[in-house]
Amino acid sequence: MTQIGLMYEQEKIEYGNQRALEEKIKITKKFMENLVISPSYYEQPDPYANAPSCHVNLLELSRYAKQCGKKLVELTQEEVKKFSI
């Protein structure tokens, strides 16, 4: 394969990866709809301090999602609230 052919193949791969990334971003996280996220969520975590509780029983929530055949991001707010701690 020529140098130009290799460059073309590389561009196709990069374009495909970019499209896949764009599709992932488009996924709507139903349980996060209409929620305002605190600015502290985006701050760098302190590795020497205990992490705050997420107030959700993640083990049971993940089992429920698996039983329903859904991904965690596909659950609604009502479904997630069932597993609040």
# chains A, B, ... in the order shown; residues from 1 in each chain; ligands from 1
call {"tool": "residues_around", "arguments": {"residues": "Val56 of chain A", "least_positions_apart": "5", "cutoff": "12 Å", "atoms": "only C-alpha atoms", "output": "mmCIF file with N, CA and C atoms, in the first residue's frame"}}
result
data_model
loop_
_atom_site.group_PDB
_atom_site.id
_atom_site.type_symbol
_atom_site.label_atom_id
_atom_site.label_comp_id
_atom_site.auth_asym_id
_atom_site.auth_seq_id
_atom_site.Cartn_x
_atom_site.Cartn_y
_atom_site.Cartn_z
ATOM 1 N N LEU A 61 -28.914 -1.510 42.923
ATOM 2 C CA LEU A 61 -29.318 -0.788 41.725
ATOM 3 C C LEU A 61 -28.791 -1.485 40.472
ATOM 4 N N SER A 62 -27.543 -1.927 40.508
ATOM 5 C CA SER A 62 -26.974 -2.610 39.347
ATOM 6 C C SER A 62 -27.646 -3.968 39.131
ATOM 7 N N GLN A 77 -35.263 8.491 36.967
ATOM 8 C CA GLN A 77 -35.075 9.005 38.328
ATOM 9 C C GLN A 77 -35.914 8.216 39.330
ATOM 10 N N GLU A 79 -36.809 5.086 39.191
ATOM 11 C CA GLU A 79 -36.192 3.787 39.430
ATOM 12 C C GLU A 79 -34.979 3.917 40.357
ATOM 13 N N VAL A 80 -34.186 4.953 40.173
ATOM 14 C CA VAL A 80 -32.990 5.152 41.008
ATOM 15 C C VAL A 80 -33.405 5.501 42.428
ATOM 16 N N LYS A 81 -34.473 6.286 42.587
ATOM 17 C CA LYS A 81 -34.930 6.692 43.930
ATOM 18 C C LYS A 81 -35.353 5.498 44.772
ATOM 19 N N LYS A 82 -35.748 4.413 44.139
ATOM 20 C CA LYS A 82 -36.126 3.204 44.885
ATOM 21 C C LYS A 82 -34.953 2.646 45.687
ATOM 22 N N PHE A 83 -33.734 2.975 45.296
ATOM 23 C CA PHE A 83 -32.544 2.427 45.925
ATOM 24 C C PHE A 83 -31.775 3.474 46.723
ATOM 25 N N SER A 84 -32.460 4.544 47.112
ATOM 26 C CA SER A 84 -31.832 5.560 47.952
ATOM 27 C C SER A 84 -31.550 5.004 49.335
ATOM 28 N N ILE A 85 -30.439 5.430 49.899
ATOM 29 C CA ILE A 85 -30.055 4.991 51.239
ATOM 30 C C ILE A 85 -30.495 6.043 52.254
#
